[in-house]
$ cat work33.cif   # mmCIF, C-alpha atoms
data_coords
#
loop_
_atom_site.group_PDB
_atom_site.id
_atom_site.type_symbol
_atom_site.label_atom_id
_atom_site.label_comp_id
_atom_site.auth_asym_id
_atom_site.auth_seq_id
_atom_site.Cartn_x
_atom_site.Cartn_y
_atom_site.Cartn_z
ATOM 1 C CA MET S 23 39.521 -25.143 -207.367
ATOM 2 C CA ILE S 24 37.705 -26.074 -204.177
ATOM 3 C CA ARG S 25 34.817 -28.470 -203.653
ATOM 4 C CA VAL S 26 33.180 -29.569 -200.406
ATOM 5 C CA GLN S 27 30.699 -32.366 -201.031
ATOM 6 C CA GLN S 28 29.017 -35.405 -199.602
ATOM 7 C CA GLU S 29 29.323 -37.544 -202.751
ATOM 8 C CA PRO S 30 32.365 -39.695 -203.556
ATOM 9 C CA PHE S 31 34.812 -38.269 -206.063
ATOM 10 C CA ASP S 32 36.810 -39.948 -208.819
ATOM 11 C CA ALA S 33 40.459 -39.143 -208.159
ATOM 12 C CA ALA S 34 41.583 -40.166 -211.654
ATOM 13 C CA ALA S 35 38.977 -37.951 -213.284
ATOM 14 C CA GLU S 36 39.937 -35.047 -211.030
ATOM 15 C CA THR S 37 43.602 -35.471 -211.942
ATOM 16 C CA ALA S 38 42.718 -35.452 -215.627
ATOM 17 C CA ARG S 39 40.669 -32.305 -215.094
ATOM 18 C CA LEU S 40 43.543 -30.695 -213.171
ATOM 19 C CA ARG S 41 45.979 -31.497 -215.993
ATOM 20 C CA SER S 42 43.650 -29.948 -218.543
ATOM 21 C CA LYS S 43 44.015 -26.591 -216.777
ATOM 22 C CA ASP S 44 47.774 -26.162 -216.961
ATOM 23 C CA ARG S 45 47.933 -25.121 -220.636
ATOM 24 C CA GLY S 46 50.977 -27.301 -221.184
ATOM 25 C CA ARG S 47 53.169 -25.380 -218.765
ATOM 26 C CA SER S 48 53.352 -27.973 -216.030
ATOM 27 C CA GLY S 49 56.143 -30.518 -215.871
ATOM 28 C CA ALA S 50 54.918 -32.041 -212.617
ATOM 29 C CA VAL S 51 51.608 -33.184 -211.163
ATOM 30 C CA VAL S 52 51.435 -34.291 -207.524
ATOM 31 C CA THR S 53 48.258 -35.655 -205.970
ATOM 32 C CA PHE S 54 47.290 -36.766 -202.471
ATOM 33 C CA THR S 55 44.254 -38.844 -201.515
ATOM 34 C CA GLY S 56 43.278 -39.229 -197.857
ATOM 35 C CA LEU S 57 41.426 -42.405 -196.932
ATOM 36 C CA VAL S 58 39.387 -43.711 -194.016
ATOM 37 C CA ARG S 59 41.734 -46.272 -192.511
ATOM 38 C CA ASP S 60 40.551 -49.078 -190.281
ATOM 39 C CA PHE S 61 40.726 -47.423 -186.900
ATOM 40 C CA THR S 62 39.422 -50.596 -185.254
ATOM 41 C CA ALA S 63 42.461 -52.685 -186.160
ATOM 42 C CA HIS S 64 43.932 -54.166 -182.966
ATOM 43 C CA THR S 65 40.784 -53.359 -180.985
ATOM 44 C CA ASP S 66 37.821 -55.363 -179.750
ATOM 45 C CA ASP S 67 35.645 -53.651 -182.344
ATOM 46 C CA HIS S 68 37.632 -55.004 -185.266
ATOM 47 C CA GLY S 69 35.323 -56.733 -187.695
ATOM 48 C CA SER S 70 32.260 -54.834 -186.521
ATOM 49 C CA THR S 71 29.798 -54.491 -189.346
ATOM 50 C CA THR S 72 28.948 -50.930 -188.396
ATOM 51 C CA THR S 73 32.340 -49.237 -188.564
ATOM 52 C CA THR S 74 31.985 -45.736 -189.938
ATOM 53 C CA MET S 75 33.605 -42.338 -189.896
ATOM 54 C CA THR S 76 31.341 -39.306 -189.954
ATOM 55 C CA LEU S 77 32.751 -35.951 -190.985
ATOM 56 C CA GLU S 78 30.888 -32.955 -189.603
ATOM 57 C CA HIS S 79 31.619 -29.586 -191.175
ATOM 58 C CA TYR S 80 30.742 -25.895 -190.978
ATOM 59 C CA PRO S 81 28.996 -25.040 -194.254
ATOM 60 C CA GLY S 82 30.294 -21.732 -195.572
ATOM 61 C CA MET S 83 33.384 -21.606 -193.408
ATOM 62 C CA THR S 84 34.833 -24.834 -194.813
ATOM 63 C CA GLU S 85 34.746 -23.431 -198.328
ATOM 64 C CA ALA S 86 36.133 -20.094 -197.209
ATOM 65 C CA ALA S 87 38.977 -21.741 -195.274
ATOM 66 C CA LEU S 88 39.953 -23.984 -198.186
ATOM 67 C CA GLU S 89 39.926 -21.005 -200.554
ATOM 68 C CA GLN S 90 42.221 -19.082 -198.224
ATOM 69 C CA ILE S 91 44.600 -22.033 -197.932
ATOM 70 C CA GLU S 92 44.633 -22.403 -201.712
ATOM 71 C CA ALA S 93 45.305 -18.685 -202.157
ATOM 72 C CA ALA S 94 48.250 -18.908 -199.738
ATOM 73 C CA ALA S 95 49.683 -21.833 -201.721
ATOM 74 C CA GLN S 96 49.233 -19.899 -204.951
ATOM 75 C CA ALA S 97 51.129 -16.929 -203.604
ATOM 76 C CA ARG S 98 53.950 -18.999 -202.146
ATOM 77 C CA PHE S 99 54.514 -21.725 -204.759
ATOM 78 C CA LYS S 100 52.872 -20.262 -207.893
ATOM 79 C CA PRO S 101 51.560 -23.541 -209.257
ATOM 80 C CA ASP S 102 49.752 -23.712 -212.580
ATOM 81 C CA ALA S 103 46.619 -25.328 -211.127
ATOM 82 C CA MET S 104 45.320 -26.784 -207.871
ATOM 83 C CA THR S 105 42.344 -28.849 -206.780
ATOM 84 C CA ILE S 106 41.097 -29.539 -203.257
ATOM 85 C CA ILE S 107 38.058 -31.789 -202.765
ATOM 86 C CA HIS S 108 36.898 -32.669 -199.246
ATOM 87 C CA ARG S 109 33.936 -34.857 -198.413
ATOM 88 C CA PHE S 110 31.610 -34.705 -195.430
ATOM 89 C CA GLY S 111 29.000 -37.135 -194.127
ATOM 90 C CA THR S 112 29.275 -40.797 -193.170
ATOM 91 C CA LEU S 113 32.010 -42.863 -194.809
ATOM 92 C CA GLY S 114 33.160 -46.470 -194.508
ATOM 93 C CA ILE S 115 36.621 -47.994 -194.159
ATOM 94 C CA GLY S 116 38.658 -47.472 -197.302
ATOM 95 C CA GLU S 117 36.589 -44.617 -198.660
ATOM 96 C CA GLU S 118 38.305 -41.494 -199.929
ATOM 97 C CA ILE S 119 37.929 -38.395 -197.758
ATOM 98 C CA VAL S 120 40.065 -35.751 -199.420
ATOM 99 C CA TYR S 121 41.893 -35.117 -202.691
ATOM 100 C CA VAL S 122 44.602 -32.532 -203.210
ATOM 101 C CA GLY S 123 46.197 -32.063 -206.635
ATOM 102 C CA VAL S 124 48.855 -29.608 -207.796
ATOM 103 C CA ALA S 125 50.219 -29.013 -211.293
ATOM 104 C CA ALA S 126 53.430 -26.955 -211.440
ATOM 105 C CA ARG S 127 56.460 -26.332 -213.601
ATOM 106 C CA HIS S 128 58.777 -28.528 -211.553
ATOM 107 C CA ARG S 129 58.458 -31.254 -208.967
ATOM 108 C CA ALA S 130 59.867 -29.220 -206.036
ATOM 109 C CA GLU S 131 57.006 -26.758 -205.961
ATOM 110 C CA ALA S 132 54.422 -29.403 -206.875
ATOM 111 C CA PHE S 133 55.384 -31.610 -203.905
ATOM 112 C CA ALA S 134 55.794 -28.636 -201.561
ATOM 113 C CA ALA S 135 52.470 -27.047 -202.489
ATOM 114 C CA ALA S 136 50.617 -30.333 -202.086
ATOM 115 C CA MET S 137 52.150 -30.908 -198.646
ATOM 116 C CA PHE S 138 51.418 -27.306 -197.656
ATOM 117 C CA LEU S 139 47.770 -27.660 -198.684
ATOM 118 C CA VAL S 140 47.324 -30.900 -196.731
ATOM 119 C CA ASP S 141 49.163 -29.649 -193.621
ATOM 120 C CA TRP S 142 47.055 -26.492 -193.477
ATOM 121 C CA LEU S 143 43.706 -28.057 -194.280
ATOM 122 C CA LYS S 144 44.260 -30.620 -191.525
ATOM 123 C CA THR S 145 44.732 -27.882 -188.952
ATOM 124 C CA ARG S 146 42.445 -25.074 -190.128
ATOM 125 C CA ALA S 147 39.565 -26.387 -192.261
ATOM 126 C CA PRO S 148 36.487 -26.800 -190.041
ATOM 127 C CA PHE S 149 35.778 -30.521 -190.234
ATOM 128 C CA TRP S 150 35.478 -32.905 -187.283
ATOM 129 C CA LYS S 151 35.741 -36.703 -187.460
ATOM 130 C CA LEU S 152 33.556 -39.040 -185.440
ATOM 131 C CA GLU S 153 34.580 -42.699 -185.424
ATOM 132 C CA GLN S 154 31.904 -45.295 -184.669
ATOM 133 C CA ALA S 155 32.296 -49.056 -184.389
ATOM 134 C CA GLY S 156 29.664 -51.254 -182.809
ATOM 135 C CA ASN S 157 28.544 -49.427 -179.681
ATOM 136 C CA GLN S 158 31.648 -47.268 -179.468
ATOM 137 C CA ARG S 159 31.806 -43.685 -180.641
ATOM 138 C CA HIS S 160 34.826 -41.408 -180.425
ATOM 139 C CA TRP S 161 35.526 -37.876 -181.602
ATOM 140 C CA VAL S 162 38.999 -37.922 -183.094
ATOM 141 C CA ASN S 163 41.449 -35.654 -181.277
ATOM 142 C CA SER S 164 43.579 -33.132 -183.108
ATOM 143 C CA GLN S 165 47.169 -34.302 -183.412
ATOM 144 C CA ASP S 166 50.202 -32.374 -182.254
ATOM 145 C CA ARG S 167 52.112 -33.730 -185.233
ATOM 146 C CA ASP S 168 49.645 -32.022 -187.598
ATOM 147 C CA ILE S 169 49.925 -28.731 -185.755
ATOM 148 C CA THR S 170 53.719 -28.991 -185.810
ATOM 149 C CA ALA S 171 53.695 -29.850 -189.518
ATOM 150 C CA ALA S 172 51.652 -26.769 -190.364
ATOM 151 C CA ALA S 173 53.790 -24.531 -188.174
ATOM 152 C CA GLN S 174 56.957 -25.729 -189.891
ATOM 153 C CA TRP S 175 55.969 -23.956 -193.074
ATOM 154 C CA GLU S 176 56.964 -20.779 -191.243
ATOM 155 C CA THR S 177 54.522 -18.700 -193.200
ATOM 156 C CA ILE S 178 54.406 -15.128 -192.117
ATOM 157 C CA ALA S 179 50.693 -15.466 -191.489
ATOM 158 C CA ASP S 180 48.332 -18.357 -190.909
ATOM 159 C CA PRO S 181 46.386 -18.515 -194.185
ATOM 160 C CA VAL S 182 43.102 -18.794 -192.312
ATOM 161 C CA GLY S 183 43.730 -15.914 -189.929
ATOM 162 C CA ALA S 184 43.817 -15.506 -186.149
ATOM 163 C CA MET E 18 22.028 -5.292 -180.496
ATOM 164 C CA PRO E 19 20.406 -7.216 -183.312
ATOM 165 C CA GLU E 20 19.935 -10.957 -183.074
ATOM 166 C CA LEU E 21 23.044 -13.115 -183.211
ATOM 167 C CA ARG E 22 23.319 -16.730 -184.302
ATOM 168 C CA VAL E 23 25.637 -18.815 -182.101
ATOM 169 C CA LEU E 24 26.724 -22.188 -183.474
ATOM 170 C CA TYR E 25 28.228 -25.201 -181.733
ATOM 171 C CA PHE E 26 29.927 -28.101 -183.520
ATOM 172 C CA ALA E 27 31.056 -31.666 -182.884
ATOM 173 C CA SER E 28 31.709 -32.673 -179.265
ATOM 174 C CA LEU E 29 30.656 -29.217 -178.022
ATOM 175 C CA ARG E 30 27.332 -29.555 -179.841
ATOM 176 C CA GLU E 31 26.798 -32.882 -178.082
ATOM 177 C CA ARG E 32 27.740 -31.474 -174.670
ATOM 178 C CA LEU E 33 25.301 -28.592 -175.015
ATOM 179 C CA GLY E 34 22.560 -30.674 -176.621
ATOM 180 C CA ARG E 35 22.033 -28.250 -179.470
ATOM 181 C CA HIS E 36 23.663 -26.945 -182.652
ATOM 182 C CA GLU E 37 22.624 -23.315 -182.367
ATOM 183 C CA ASP E 38 21.211 -20.515 -180.308
ATOM 184 C CA HIS E 39 19.618 -17.271 -181.473
ATOM 185 C CA VAL E 40 20.313 -14.558 -178.937
ATOM 186 C CA THR E 41 19.962 -10.846 -178.434
ATOM 187 C CA LEU E 42 22.926 -9.624 -176.468
ATOM 188 C CA PRO E 43 22.978 -6.879 -173.852
ATOM 189 C CA ASP E 44 25.281 -3.948 -174.590
ATOM 190 C CA ASP E 45 27.852 -5.044 -172.023
ATOM 191 C CA VAL E 46 28.651 -8.231 -173.948
ATOM 192 C CA VAL E 47 31.448 -7.035 -176.184
ATOM 193 C CA SER E 48 34.001 -9.812 -176.611
ATOM 194 C CA ILE E 49 33.837 -13.543 -177.291
ATOM 195 C CA ARG E 50 34.929 -14.031 -173.694
ATOM 196 C CA ASP E 51 31.963 -11.922 -172.513
ATOM 197 C CA LEU E 52 29.652 -13.947 -174.742
ATOM 198 C CA ALA E 53 30.851 -17.258 -173.292
ATOM 199 C CA VAL E 54 30.291 -15.991 -169.747
ATOM 200 C CA TRP E 55 26.833 -14.709 -170.692
ATOM 201 C CA LEU E 56 25.905 -18.051 -172.323
ATOM 202 C CA GLY E 57 27.156 -19.820 -169.205
ATOM 203 C CA GLN E 58 24.862 -17.743 -167.006
ATOM 204 C CA ARG E 59 21.873 -19.065 -168.951
ATOM 205 C CA ASP E 60 22.928 -22.700 -169.192
ATOM 206 C CA THR E 61 24.959 -24.839 -166.802
ATOM 207 C CA ALA E 62 26.228 -27.071 -169.632
ATOM 208 C CA ALA E 63 27.648 -24.008 -171.373
ATOM 209 C CA ALA E 64 29.161 -22.782 -168.098
ATOM 210 C CA ALA E 65 30.934 -26.122 -167.660
ATOM 211 C CA ALA E 66 32.103 -26.284 -171.276
ATOM 212 C CA PHE E 67 33.418 -22.719 -171.367
ATOM 213 C CA ALA E 68 35.106 -22.929 -167.982
ATOM 214 C CA ASP E 69 38.231 -23.846 -169.955
ATOM 215 C CA PRO E 70 38.319 -21.581 -173.037
ATOM 216 C CA SER E 71 41.557 -23.153 -174.250
ATOM 217 C CA GLN E 72 39.569 -26.207 -175.386
ATOM 218 C CA TRP E 73 37.575 -24.271 -177.952
ATOM 219 C CA HIS E 74 38.281 -22.379 -181.117
ATOM 220 C CA VAL E 75 36.029 -19.568 -182.216
ATOM 221 C CA ALA E 76 34.979 -17.925 -185.471
ATOM 222 C CA ILE E 77 33.208 -14.613 -185.998
ATOM 223 C CA ASP E 78 31.243 -14.481 -189.259
ATOM 224 C CA GLN E 79 33.128 -17.570 -190.458
ATOM 225 C CA THR E 80 36.603 -16.117 -189.809
ATOM 226 C CA TYR E 81 38.821 -17.445 -187.034
ATOM 227 C CA SER E 82 39.133 -15.127 -184.052
ATOM 228 C CA ASP E 83 40.643 -15.268 -180.614
ATOM 229 C CA TRP E 84 38.686 -14.876 -177.377
ATOM 230 C CA ASP E 85 39.292 -11.143 -177.276
ATOM 231 C CA GLY E 86 37.533 -10.676 -180.609
ATOM 232 C CA SER E 87 34.592 -8.292 -180.693
ATOM 233 C CA VAL E 88 31.066 -9.593 -181.208
ATOM 234 C CA CYS E 89 29.702 -6.161 -182.052
ATOM 235 C CA GLY E 90 28.102 -6.163 -185.490
ATOM 236 C CA ALA E 91 28.608 -9.912 -185.893
ATOM 237 C CA ARG E 92 25.870 -12.035 -187.434
ATOM 238 C CA GLU E 93 27.246 -15.426 -186.498
ATOM 239 C CA ILE E 94 29.638 -16.765 -183.853
ATOM 240 C CA ALA E 95 30.811 -20.381 -183.815
ATOM 241 C CA PHE E 96 32.491 -22.342 -181.030
ATOM 242 C CA PHE E 97 34.154 -25.681 -181.859
ATOM 243 C CA PRO E 98 36.892 -28.117 -180.859
ATOM 244 C CA PRO E 99 40.220 -28.177 -182.712
ATOM 245 C CA VAL E 100 39.547 -29.365 -186.253
ATOM 246 C CA THR E 101 40.297 -32.871 -187.487
ATOM 247 C CA GLY E 102 39.668 -32.862 -191.229
ATOM 248 C CA GLY E 103 41.864 -34.077 -194.035
#

$ encode --input "work33.cif" --output "structure tokens"
Amino acid sequence: MIRVQQEPFDAAAETARLRSKDRGRSGAVVTFTGLVRDFTAHTDDHGSTTTTMTLEHYPGMTEAALEQIEAAAQARFKPDAMTIIHRFGTLGIGEEIVYVGVAARHRAEAFAAAMFLVDWLKTRAPFWKLEQAGNQRHWVNSQDRDITAAAQWETIADPVGA
Amino acid sequence: MPELRVLYFASLRERLGRHEDHVTLPDDVVSIRDLAVWLGQRDTAAAAAFADPSQWHVAIDQTYSDWDGSVCGAREIAFFPPVTGG
């Protein structure tokens, strides 16, 4: 299940909803929540009252990309249920950006599928982060470590093509 | 060719000063690479941005493509920096 939304989500409620879908077959539930961390720590902007992260996205393609990533995880790990929720818009420090939940028979595939989903959505889902603090604004750069993490899954094909 | 929507996101959108263009392409614009050159001929900011294609990812009708992808029959092309979601 995929959702792309501006509104905050309730991770506990989403986990309960995820668990209700497994029809009693799952022995493991793994969830990940991504947060806006304080990117001004150790900088001159620390303590600025206007510290925000804005997530831009590509309506239509974000949903399609997340569905493709989810489908790849389904084929590879065969979980009982999955949820991906990703927010867009302007968020403050400590707010939740993304939720990934997986229910599966055993913990190995639950952990692996959750990591797979996060690694791929970080490198292929069309979102872009803009950090602003005081007068400073900075488009976050993509990280080699994220690209390496996704590549290490050694899937035959990139789930989002090309 | 029918009208094509070209979208720009994030830092590219800011460099070009706009989120989208609506264009009608001549028949000799076939690939994404051709499109970028053609856009650059109309706009110096686009010419500067697309001088290094390796900076930008591209999607044709909301599916990732490479720069050799064909624009023929496409409704929507998007150019954007590497993604940073999650």

$ closest_atom_pairs --input "work33.cif" --of "chain S" --to "chain E" --cutoff "10 Å" --atoms "all atoms listed in the file" --output "CSV"
residue,atom,partner,partner_atom,distance
S:Thr55,CA,E:Gly103,CA,9.2
S:Gly56,CA,E:Gly103,CA,6.6
S:Leu57,CA,E:Gly103,CA,8.8
S:Val58,CA,E:Gly103,CA,9.9
S:Leu77,CA,E:Gly102,CA,7.6
S:Glu78,CA,E:Ala27,CA,6.8
S:His79,CA,E:Phe26,CA,8.0
S:Tyr80,CA,E:Phe26,CA,7.8
S:Pro81,CA,E:Gln79,CA,9.3
S:Gly82,CA,E:Gln79,CA,7.2
S:Met83,CA,E:Gln79,CA,5.0
S:Thr84,CA,E:Gln79,CA,8.6
S:Glu85,CA,E:Gln79,CA,9.9
S:Ala86,CA,E:Gln79,CA,7.8
S:Ala87,CA,E:Thr80,CA,8.2
S:Ile107,CA,E:Gly103,CA,9.8
S:His108,CA,E:Gly103,CA,7.3
S:Arg109,CA,E:Gly103,CA,9.1
S:Phe110,CA,E:Gly102,CA,9.3
S:Ile119,CA,E:Gly103,CA,6.9
S:Val120,CA,E:Gly103,CA,5.9
S:Tyr121,CA,E:Gly103,CA,8.7
S:Val122,CA,E:Gly103,CA,9.7
S:Leu139,CA,E:Gly103,CA,9.9
S:Val140,CA,E:Gly103,CA,6.9
S:Asp141,CA,E:Gly103,CA,8.5
S:Trp142,CA,E:Gly103,CA,9.2
S:Leu143,CA,E:Gly103,CA,6.3
S:Lys144,CA,E:Gly103,CA,4.9
S:Thr145,CA,E:Val100,CA,6.0
S:Arg146,CA,E:Val100,CA,6.5
S:Ala147,CA,E:Gly102,CA,6.6
S:Pro148,CA,E:Val100,CA,5.5
S:Phe149,CA,E:Gly102,CA,4.6
S:Trp150,CA,E:Thr101,CA,4.8
S:Lys151,CA,E:Thr101,CA,6.0
S:Leu152,CA,E:Ala27,CA,8.2
S:His160,CA,E:Ser28,CA,9.3
S:Trp161,CA,E:Ser28,CA,6.9
S:Val162,CA,E:Thr101,CA,6.8
S:Asn163,CA,E:Thr101,CA,6.9
S:Ser164,CA,E:Thr101,CA,5.5
S:Gln165,CA,E:Thr101,CA,8.1
S:Asp168,CA,E:Thr101,CA,9.4
S:Val182,CA,E:Tyr81,CA,6.9
S:Gly183,CA,E:Tyr81,CA,5.9
S:Ala184,CA,E:Ser82,CA,5.1

$ residues_near_point --input "work33.cif" --point "(36.6, -18.7, -173.1)" --cutoff "12 Å" --atoms "all atoms listed in the file" --output "ChimeraX atom specification"
/E:48-57,63-75,82-86,96-97

$ atom_distance --input "work33.cif" --atom1 "atom CA of S:Asp102" --atom2 "atom CA of S:Gln90"
16.9 Å

$ atom_distance --input "work33.cif" --atom1 "atom CA of S:Phe54" --atom2 "atom CA of S:Val124"
9.1 Å

$ resolve_selection --input "work33.cif" --expression "the PyMOL selection byres ((chain S and resi 28) around 8)" --output "MDAnalysis selection string"
chainID S and resid 26:27 29:30 109:111

$ atom_distance --input "work33.cif" --atom1 "atom CA of S:Gly123" --atom2 "atom CA of S:Ala173"
21.3 Å

$ axis_aligned_box --input "work33.cif" --around "stretch 32-44 of chain E" --padding-each-side "6 Å" --output "lines of an AutoDock Vina configuration file"
center_x = 23.7
center_y = -17.7
center_z = -178.3
size_x = 20.1
size_y = 39.5
size_z = 20.8

$ closest_residue --input "work33.cif" --among "S:Gln158, S:Ala135, S:Arg41, S:Ala130" --to "S:Ala93" --atoms "all atoms listed in the file"
S:Ala135

$ residues_around --input "work33.cif" --residues "stretch 36-40 of chain E" --least-positions-apart "3" --cutoff "6 Å" --atoms "all atoms listed in the file" --output "number ranges by chain"
E: 20-25, 30

$ build_atoms --input "work33.cif" --residues "stretch 78-87 of chain E" --atoms "all heavy atoms" --output "PDB file, in the coordinates of the input"
ATOM      1  N   ASP E  78      31.645 -14.566-187.842  1.00  0.00           N
ATOM      2  CA  ASP E  78      31.243 -14.481-189.259  1.00  0.00           C
ATOM      3  C   ASP E  78      32.165 -15.319-190.143  1.00  0.00           C
ATOM      4  O   ASP E  78      32.672 -14.872-191.181  1.00  0.00           O
ATOM      5  CB  ASP E  78      31.188 -13.019-189.723  1.00  0.00           C
ATOM      6  CG  ASP E  78      30.046 -12.253-189.061  1.00  0.00           C
ATOM      7  OD1 ASP E  78      29.041 -12.896-188.685  1.00  0.00           O
ATOM      8  OD2 ASP E  78      30.154 -11.020-188.904  1.00  0.00           O
ATOM      9  N   GLN E  79      32.400 -16.537-189.712  1.00  0.00           N
ATOM     10  CA  GLN E  79      33.128 -17.570-190.458  1.00  0.00           C
ATOM     11  C   GLN E  79      34.608 -17.257-190.652  1.00  0.00           C
ATOM     12  O   GLN E  79      35.251 -17.815-191.548  1.00  0.00           O
ATOM     13  CB  GLN E  79      32.443 -17.858-191.796  1.00  0.00           C
ATOM     14  CG  GLN E  79      31.010 -18.316-191.609  1.00  0.00           C
ATOM     15  CD  GLN E  79      30.335 -18.816-192.858  1.00  0.00           C
ATOM     16  OE1 GLN E  79      30.897 -18.762-193.951  1.00  0.00           O
ATOM     17  NE2 GLN E  79      29.122 -19.334-192.702  1.00  0.00           N
ATOM     18  N   THR E  80      35.158 -16.395-189.804  1.00  0.00           N
ATOM     19  CA  THR E  80      36.603 -16.117-189.809  1.00  0.00           C
ATOM     20  C   THR E  80      37.132 -16.408-188.416  1.00  0.00           C
ATOM     21  O   THR E  80      36.542 -15.950-187.417  1.00  0.00           O
ATOM     22  CB  THR E  80      36.874 -14.645-190.166  1.00  0.00           C
ATOM     23  OG1 THR E  80      36.368 -14.392-191.473  1.00  0.00           O
ATOM     24  CG2 THR E  80      38.360 -14.342-190.135  1.00  0.00           C
ATOM     25  N   TYR E  81      38.245 -17.143-188.342  1.00  0.00           N
ATOM     26  CA  TYR E  81      38.821 -17.445-187.034  1.00  0.00           C
ATOM     27  C   TYR E  81      39.079 -16.147-186.255  1.00  0.00           C
ATOM     28  O   TYR E  81      39.507 -15.144-186.813  1.00  0.00           O
ATOM     29  CB  TYR E  81      40.157 -18.174-187.185  1.00  0.00           C
ATOM     30  CG  TYR E  81      40.038 -19.665-187.383  1.00  0.00           C
ATOM     31  CD1 TYR E  81      40.161 -20.224-188.648  1.00  0.00           C
ATOM     32  CD2 TYR E  81      39.817 -20.521-186.298  1.00  0.00           C
ATOM     33  CE1 TYR E  81      40.068 -21.601-188.839  1.00  0.00           C
ATOM     34  CE2 TYR E  81      39.719 -21.893-186.482  1.00  0.00           C
ATOM     35  CZ  TYR E  81      39.854 -22.418-187.755  1.00  0.00           C
ATOM     36  OH  TYR E  81      39.760 -23.777-187.936  1.00  0.00           O
ATOM     37  N   SER E  82      38.835 -16.243-184.940  1.00  0.00           N
ATOM     38  CA  SER E  82      39.133 -15.127-184.052  1.00  0.00           C
ATOM     39  C   SER E  82      39.740 -15.693-182.777  1.00  0.00           C
ATOM     40  O   SER E  82      39.711 -16.904-182.552  1.00  0.00           O
ATOM     41  CB  SER E  82      37.847 -14.370-183.717  1.00  0.00           C
ATOM     42  OG  SER E  82      38.080 -13.377-182.738  1.00  0.00           O
ATOM     43  N   ASP E  83      40.278 -14.826-181.954  1.00  0.00           N
ATOM     44  CA  ASP E  83      40.643 -15.268-180.614  1.00  0.00           C
ATOM     45  C   ASP E  83      39.556 -14.814-179.641  1.00  0.00           C
ATOM     46  O   ASP E  83      38.573 -14.160-180.045  1.00  0.00           O
ATOM     47  CB  ASP E  83      42.028 -14.777-180.214  1.00  0.00           C
ATOM     48  CG  ASP E  83      42.157 -13.268-180.235  1.00  0.00           C
ATOM     49  OD1 ASP E  83      41.135 -12.582-180.011  1.00  0.00           O
ATOM     50  OD2 ASP E  83      43.269 -12.767-180.480  1.00  0.00           O
ATOM     51  N   TRP E  84      39.745 -15.127-178.353  1.00  0.00           N
ATOM     52  CA  TRP E  84      38.686 -14.876-177.377  1.00  0.00           C
ATOM     53  C   TRP E  84      38.510 -13.407-177.021  1.00  0.00           C
ATOM     54  O   TRP E  84      37.556 -13.040-176.346  1.00  0.00           O
ATOM     55  CB  TRP E  84      38.913 -15.744-176.135  1.00  0.00           C
ATOM     56  CG  TRP E  84      38.475 -17.145-176.388  1.00  0.00           C
ATOM     57  CD1 TRP E  84      39.046 -18.019-177.269  1.00  0.00           C
ATOM     58  CD2 TRP E  84      37.353 -17.813-175.829  1.00  0.00           C
ATOM     59  NE1 TRP E  84      38.342 -19.201-177.278  1.00  0.00           N
ATOM     60  CE2 TRP E  84      37.305 -19.111-176.411  1.00  0.00           C
ATOM     61  CE3 TRP E  84      36.386 -17.458-174.883  1.00  0.00           C
ATOM     62  CZ2 TRP E  84      36.326 -20.035-176.079  1.00  0.00           C
ATOM     63  CZ3 TRP E  84      35.415 -18.391-174.549  1.00  0.00           C
ATOM     64  CH2 TRP E  84      35.386 -19.672-175.146  1.00  0.00           C
ATOM     65  N   ASP E  85      39.447 -12.585-177.469  1.00  0.00           N
ATOM     66  CA  ASP E  85      39.292 -11.143-177.276  1.00  0.00           C
ATOM     67  C   ASP E  85      38.554 -10.475-178.430  1.00  0.00           C
ATOM     68  O   ASP E  85      38.305  -9.266-178.384  1.00  0.00           O
ATOM     69  CB  ASP E  85      40.678 -10.489-177.101  1.00  0.00           C
ATOM     70  CG  ASP E  85      41.380 -11.030-175.870  1.00  0.00           C
ATOM     71  OD1 ASP E  85      40.705 -11.187-174.823  1.00  0.00           O
ATOM     72  OD2 ASP E  85      42.598 -11.303-175.954  1.00  0.00           O
ATOM     73  N   GLY E  86      38.209 -11.248-179.455  1.00  0.00           N
ATOM     74  CA  GLY E  86      37.533 -10.676-180.609  1.00  0.00           C
ATOM     75  C   GLY E  86      36.203 -10.045-180.226  1.00  0.00           C
ATOM     76  O   GLY E  86      35.522 -10.482-179.298  1.00  0.00           O
ATOM     77  N   SER E  87      35.825  -9.014-180.989  1.00  0.00           N
ATOM     78  CA  SER E  87      34.592  -8.292-180.693  1.00  0.00           C
ATOM     79  C   SER E  87      33.400  -8.937-181.375  1.00  0.00           C
ATOM     80  O   SER E  87      33.454  -9.307-182.548  1.00  0.00           O
ATOM     81  CB  SER E  87      34.725  -6.847-181.175  1.00  0.00           C
ATOM     82  OG  SER E  87      33.454  -6.213-181.114  1.00  0.00           O
TER      83      SER E  87
END
